[in-house]
Amino acid sequence: MTNSRLTDPEVLEWRYPVRVESFSVRADGGGRGRWHGGRGVERRIRFLEPMTVALLTGHRRVAPYG
């Protein structure tokens, strides 16, 4: 949908039967320490009909370096 893996909420709602309830930068996502990570985003999506979802994510089982 986009080349950044950060699809606009309007595009998601236009292409799929979903409603984006919130889309924001996480408040405390960067962590502490000498090298702060990116804060990341949080999206809350309501599915309007049954769907199968495939997620492309990172650092969920193995923590990021630093």
# chains A, B, ... in the order shown; residues from 1 in each chain; ligands from 1

call {"tool": "select_by_dssp", "arguments": {"residues": "chain A", "states": "strand (DSSP E or B)", "output": "tab-separated table (two decimals) with C-alpha atoms, in the first residue's frame"}}
result
chain	number	residue	atom	x	y	z
A	18	VAL	CA	-11.90	-1.66	9.02
A	19	ARG	CA	-12.09	1.48	11.16
A	20	VAL	CA	-8.91	2.97	12.58
A	21	GLU	CA	-9.91	3.97	16.11
A	22	SER	CA	-6.57	5.53	17.04
A	23	PHE	CA	-3.21	6.15	15.39
A	24	SER	CA	-0.48	7.80	17.45
A	25	VAL	CA	3.20	7.89	18.37
A	41	VAL	CA	3.44	3.96	16.64
A	42	GLU	CA	0.31	2.41	18.05
A	43	ARG	CA	-2.70	1.68	15.88
A	44	ARG	CA	-6.03	0.40	17.15
A	45	ILE	CA	-8.05	-1.11	14.34
A	46	ARG	CA	-11.62	-2.42	14.51
A	47	PHE	CA	-12.48	-5.10	11.97

call {"tool": "select_by_dssp", "arguments": {"residues": "chain A", "states": "helix (DSSP H, G or I)", "output": "list in words"}}
result
Pro9, Glu10, Val11, Leu12, Glu13, Trp14 and Arg15 of chain A

call {"tool": "closest_residue", "arguments": {"among": "A:Leu6, A:Trp14, A:Gly37, A:Arg26", "to": "Leu56 of chain A", "atoms": "only C-alpha atoms"}}
result
A:Leu6

call {"tool": "atom_distance", "arguments": {"atom1": "atom CA of Arg39 of chain A", "atom2": "atom CA of Arg15 of chain A"}}
result
27.2 Å
